[in-house]
Amino acid sequence: MKTENEGQATVLVIDDDDAMRDSLCCLMDSMKLACRTYSSALDFLKISELPRIGCILLDIRMPGMSGMELLENLKERRNPLPVIIITGHGDVPLAVQAIKQGAFDFVQKPFSAQMLLERVQAALDMMRDSMQRDNKLEVMRGQFETLTEREREIMELVVAGSQSKAIGIKLGISPRTVDIHRSAIMRKLGIRTVAELVQSRLSLWQD
């Protein structure tokens with residue numbers, strides 16, 4: 001089993017077939033991806049820590065806890081890693097059900113190495129994009145927390161479309177004072193336009 005370095009993507013293979021696990025790990029190794037293998041769902045559930053970046057290759061039919069049951073368990077645990085289901089010839093309906101329960105994708109046996117690697121890469125790219133968005137939102141939250149109470153009041157009114165004169169009347173201050181606060185808001189948030197301000201605020205609302 002290839003071990004991973006910090007920041008390296010890791011593929012977790014959960015399959016009761018020894019040959020399949022070894023084959024999948026060799027394939028991941030060819031792409032310089034770390035790999036961990038588990039012979040059952042219960043074996044996988046014993047691990048204490050998931051990799052920071054990675055994905056799960058999960059056989060849908062296994063003795064004991066099935067892949068579908070594990071997928072449901074992972075959903076309850078708010079598993080952050082994308083899951084790619086590995087299915088047999090007659091399991092496509094189950095795979096579709098798995099997608100509805102949150103699986104990223106599925107591949108049907110027999111599958112080509114290239115197709116599987118493309119799915120794995122797509123899953124890893126999605127996770128990296130998601131992490132990048134989360135990091136950006138975290139920075140934005142920190143920036144918004146630097147605003148004073150008055151600046152937050154003015155920011156919300158600006159986002160709602162109010163002009164400086166209307167904001168001044170509503171808050172009992174001069175338009176010039178409003179503009180000074182607006183400049184401070186822009187500087188603290190590291191943005192230049194009202195459009196960027198609106199987009200940043202909407203991003204936090206949606207989150």
# chains A, B, ... in the order shown; residues from 1 in each chain; ligands from 1
>>> select_by_dssp(residues="chain A", states="alpha helix (DSSP H)", output="ChimeraX atom specification")
/A:18-30,41-45,67-76,92-100,113-144,149-159,164-171,175-189,194-206
>>> closest_atom_pairs(of="segment 58-174 of chain A", to="segment 30-36 of chain A", cutoff="12 Å", atoms="only C-alpha atoms", output="JSON lines")
{"residue": "A:Ala113", "atom": "CA", "partner": "A:Ser30", "partner_atom": "CA", "distance": 10.5}
{"residue": "A:Gln114", "atom": "CA", "partner": "A:Met31", "partner_atom": "CA", "distance": 10.8}
{"residue": "A:Leu116", "atom": "CA", "partner": "A:Met31", "partner_atom": "CA", "distance": 11.6}
{"residue": "A:Leu117", "atom": "CA", "partner": "A:Met31", "partner_atom": "CA", "distance": 8.3}
{"residue": "A:Glu118", "atom": "CA", "partner": "A:Met31", "partner_atom": "CA", "distance": 10.9}
{"residue": "A:Val120", "atom": "CA", "partner": "A:Leu33", "partner_atom": "CA", "distance": 10.1}
{"residue": "A:Gln121", "atom": "CA", "partner": "A:Met31", "partner_atom": "CA", "distance": 9.7}
{"residue": "A:Leu124", "atom": "CA", "partner": "A:Leu33", "partner_atom": "CA", "distance": 10.6}
>>> select_by_dssp(residues="segment 60-190 of chain A", states="strand (DSSP E or B)", output="ChimeraX atom specification")
/A:83-87,105-108
>>> residues_around(residues="Ser66 of chain A", least_positions_apart="4", cutoff="12 Å", atoms="only C-alpha atoms", output="list of chain:residue names")
A:Ile14, A:Asp15, A:Asp16, A:Ser39, A:Ser40, A:Ala41, A:Leu42, A:Leu58, A:Asp59, A:Ile60, A:Arg61, A:Met62, A:Leu70, A:Leu71, A:Glu72, A:Asn73, A:Ile85, A:Ile86, A:Thr87, A:Leu94, A:Ala98
>>> write_last_selection(atoms="N, CA and C atoms", output="PDB file, in the first residue's frame")
ATOM      1  N   ILE A  14     -12.390   0.336  -1.104  1.00  0.00           N
ATOM      2  CA  ILE A  14     -13.135  -0.559  -0.213  1.00  0.00           C
ATOM      3  C   ILE A  14     -13.763  -1.645  -1.081  1.00  0.00           C
ATOM      4  N   ASP A  15     -13.183  -2.847  -1.014  1.00  0.00           N
ATOM      5  CA  ASP A  15     -13.631  -3.945  -1.875  1.00  0.00           C
ATOM      6  C   ASP A  15     -13.230  -5.260  -1.208  1.00  0.00           C
ATOM      7  N   ASP A  16     -14.097  -6.251  -1.229  1.00  0.00           N
ATOM      8  CA  ASP A  16     -13.787  -7.525  -0.585  1.00  0.00           C
ATOM      9  C   ASP A  16     -12.920  -8.440  -1.460  1.00  0.00           C
ATOM     10  N   SER A  39     -10.848  -4.265   3.196  1.00  0.00           N
ATOM     11  CA  SER A  39     -11.504  -5.455   2.666  1.00  0.00           C
ATOM     12  C   SER A  39     -12.992  -5.514   2.993  1.00  0.00           C
ATOM     13  N   SER A  40     -13.461  -4.587   3.816  1.00  0.00           N
ATOM     14  CA  SER A  40     -14.884  -4.558   4.161  1.00  0.00           C
ATOM     15  C   SER A  40     -15.270  -3.168   4.622  1.00  0.00           C
ATOM     16  N   ALA A  41     -16.574  -2.925   4.633  1.00  0.00           N
ATOM     17  CA  ALA A  41     -17.072  -1.641   5.120  1.00  0.00           C
ATOM     18  C   ALA A  41     -16.736  -1.458   6.598  1.00  0.00           C
ATOM     19  N   LEU A  42     -16.849  -2.517   7.372  1.00  0.00           N
ATOM     20  CA  LEU A  42     -16.563  -2.429   8.811  1.00  0.00           C
ATOM     21  C   LEU A  42     -15.085  -2.149   9.056  1.00  0.00           C
ATOM     22  N   LEU A  58     -15.763   2.508  -3.904  1.00  0.00           N
ATOM     23  CA  LEU A  58     -16.570   1.632  -3.047  1.00  0.00           C
ATOM     24  C   LEU A  58     -17.320   0.586  -3.860  1.00  0.00           C
ATOM     25  N   ASP A  59     -17.010  -0.686  -3.594  1.00  0.00           N
ATOM     26  CA  ASP A  59     -17.740  -1.775  -4.241  1.00  0.00           C
ATOM     27  C   ASP A  59     -19.164  -1.803  -3.678  1.00  0.00           C
ATOM     28  N   ILE A  60     -20.143  -1.938  -4.558  1.00  0.00           N
ATOM     29  CA  ILE A  60     -21.525  -1.834  -4.108  1.00  0.00           C
ATOM     30  C   ILE A  60     -22.018  -3.103  -3.422  1.00  0.00           C
ATOM     31  N   ARG A  61     -21.433  -4.263  -3.810  1.00  0.00           N
ATOM     32  CA  ARG A  61     -21.857  -5.545  -3.220  1.00  0.00           C
ATOM     33  C   ARG A  61     -20.711  -6.169  -2.444  1.00  0.00           C
ATOM     34  N   MET A  62     -20.871  -6.215  -1.120  1.00  0.00           N
ATOM     35  CA  MET A  62     -19.874  -6.826  -0.248  1.00  0.00           C
ATOM     36  C   MET A  62     -20.596  -7.592   0.844  1.00  0.00           C
ATOM     37  N   LEU A  70     -22.971   1.343   3.620  1.00  0.00           N
ATOM     38  CA  LEU A  70     -21.843   2.191   4.020  1.00  0.00           C
ATOM     39  C   LEU A  70     -22.043   3.610   3.507  1.00  0.00           C
ATOM     40  N   LEU A  71     -22.539   3.742   2.287  1.00  0.00           N
ATOM     41  CA  LEU A  71     -22.782   5.072   1.735  1.00  0.00           C
ATOM     42  C   LEU A  71     -23.752   5.846   2.611  1.00  0.00           C
ATOM     43  N   GLU A  72     -24.805   5.176   3.065  1.00  0.00           N
ATOM     44  CA  GLU A  72     -25.778   5.828   3.956  1.00  0.00           C
ATOM     45  C   GLU A  72     -25.119   6.220   5.270  1.00  0.00           C
ATOM     46  N   ASN A  73     -24.257   5.346   5.780  1.00  0.00           N
ATOM     47  CA  ASN A  73     -23.527   5.633   7.019  1.00  0.00           C
ATOM     48  C   ASN A  73     -22.626   6.849   6.841  1.00  0.00           C
ATOM     49  N   ILE A  85     -18.866   4.728  -6.872  1.00  0.00           N
ATOM     50  CA  ILE A  85     -19.376   3.380  -6.681  1.00  0.00           C
ATOM     51  C   ILE A  85     -18.873   2.471  -7.806  1.00  0.00           C
ATOM     52  N   ILE A  86     -18.432   1.268  -7.428  1.00  0.00           N
ATOM     53  CA  ILE A  86     -18.041   0.247  -8.400  1.00  0.00           C
ATOM     54  C   ILE A  86     -19.158  -0.791  -8.462  1.00  0.00           C
ATOM     55  N   THR A  87     -19.709  -0.993  -9.641  1.00  0.00           N
ATOM     56  CA  THR A  87     -20.882  -1.856  -9.771  1.00  0.00           C
ATOM     57  C   THR A  87     -20.628  -3.021 -10.723  1.00  0.00           C
ATOM     58  N   LEU A  94     -29.080   0.166  -8.687  1.00  0.00           N
ATOM     59  CA  LEU A  94     -28.528   0.484  -7.366  1.00  0.00           C
ATOM     60  C   LEU A  94     -27.567   1.656  -7.440  1.00  0.00           C
ATOM     61  N   ALA A  98     -27.597   5.159  -5.567  1.00  0.00           N
ATOM     62  CA  ALA A  98     -26.439   5.671  -4.818  1.00  0.00           C
ATOM     63  C   ALA A  98     -26.152   7.120  -5.166  1.00  0.00           C
TER      64      ALA A  98
END
>>> residues_around(residues="segment 167-174 of chain A", least_positions_apart="2", cutoff="9 Å", atoms="only C-alpha atoms", output="list of chain:residue names")
A:Glu153, A:Ile154, A:Leu157, A:Val158, A:Ser162, A:Gln163, A:Ser164, A:Lys165, A:Arg176, A:Thr177, A:Val178, A:Asp179
>>> closest_residue(among="A:Gly190, A:Gly64, A:Pro82, A:Gly102", to="Pro51 of chain A", atoms="only C-alpha atoms")
A:Pro82
>>> closest_residue(among="A:Ile47, A:Val13, A:Val96, A:Leu189", to="Arg141 of chain A", atoms="only C-alpha atoms")
A:Leu189
>>> residues_around(residues="Thr146 of chain A", least_positions_apart="5", cutoff="12 Å", atoms="only C-alpha atoms", output="VMD selection string")
chain A and resid 139 to 141 151 to 152 184 to 190
>>> write_last_selection(atoms="N, CA and C atoms", output="PDB file, in the first residue's frame")
ATOM      1  N   VAL A 139     -11.897  33.314   4.705  1.00  0.00           N
ATOM      2  CA  VAL A 139     -11.196  34.604   4.667  1.00  0.00           C
ATOM      3  C   VAL A 139     -12.207  35.748   4.645  1.00  0.00           C
ATOM      4  N   MET A 140     -13.260  35.586   3.846  1.00  0.00           N
ATOM      5  CA  MET A 140     -14.279  36.626   3.751  1.00  0.00           C
ATOM      6  C   MET A 140     -14.971  36.848   5.098  1.00  0.00           C
ATOM      7  N   ARG A 141     -15.269  35.756   5.811  1.00  0.00           N
ATOM      8  CA  ARG A 141     -15.903  35.894   7.127  1.00  0.00           C
ATOM      9  C   ARG A 141     -15.012  36.706   8.061  1.00  0.00           C
ATOM     10  N   GLU A 151     -20.411  50.358  10.009  1.00  0.00           N
ATOM     11  CA  GLU A 151     -20.020  49.932   8.667  1.00  0.00           C
ATOM     12  C   GLU A 151     -20.905  48.780   8.178  1.00  0.00           C
ATOM     13  N   ARG A 152     -21.280  47.897   9.086  1.00  0.00           N
ATOM     14  CA  ARG A 152     -22.163  46.793   8.691  1.00  0.00           C
ATOM     15  C   ARG A 152     -23.544  47.312   8.304  1.00  0.00           C
ATOM     16  N   ALA A 184     -14.018  52.764   3.722  1.00  0.00           N
ATOM     17  CA  ALA A 184     -13.413  51.908   4.752  1.00  0.00           C
ATOM     18  C   ALA A 184     -13.859  50.458   4.575  1.00  0.00           C
ATOM     19  N   ILE A 185     -15.134  50.281   4.225  1.00  0.00           N
ATOM     20  CA  ILE A 185     -15.666  48.930   4.002  1.00  0.00           C
ATOM     21  C   ILE A 185     -14.926  48.249   2.857  1.00  0.00           C
ATOM     22  N   MET A 186     -14.783  48.983   1.747  1.00  0.00           N
ATOM     23  CA  MET A 186     -14.103  48.432   0.580  1.00  0.00           C
ATOM     24  C   MET A 186     -12.658  48.059   0.906  1.00  0.00           C
ATOM     25  N   ARG A 187     -11.999  48.919   1.648  1.00  0.00           N
ATOM     26  CA  ARG A 187     -10.599  48.683   1.992  1.00  0.00           C
ATOM     27  C   ARG A 187     -10.461  47.439   2.880  1.00  0.00           C
ATOM     28  N   LYS A 188     -11.305  47.336   3.895  1.00  0.00           N
ATOM     29  CA  LYS A 188     -11.223  46.209   4.821  1.00  0.00           C
ATOM     30  C   LYS A 188     -11.550  44.883   4.138  1.00  0.00           C
ATOM     31  N   LEU A 189     -12.457  44.918   3.172  1.00  0.00           N
ATOM     32  CA  LEU A 189     -12.862  43.690   2.491  1.00  0.00           C
ATOM     33  C   LEU A 189     -11.996  43.376   1.280  1.00  0.00           C
ATOM     34  N   GLY A 190     -11.106  44.307   0.931  1.00  0.00           N
ATOM     35  CA  GLY A 190     -10.212  44.085  -0.196  1.00  0.00           C
ATOM     36  C   GLY A 190     -10.923  44.026  -1.530  1.00  0.00           C
TER      37      GLY A 190
END
>>> closest_residue(among="A:Leu204, A:Val159, A:Ala103, A:Ala123", to="Leu137 of chain A", atoms="only C-alpha atoms")
A:Leu204
>>> atom_distance(atom1="atom CA of Leu197 of chain A", atom2="atom CA of Asp125 of chain A")
27.7 Å
>>> atom_distance(atom1="atom CA of Cys26 of chain A", atom2="atom CA of Gly88 of chain A")
20.8 Å
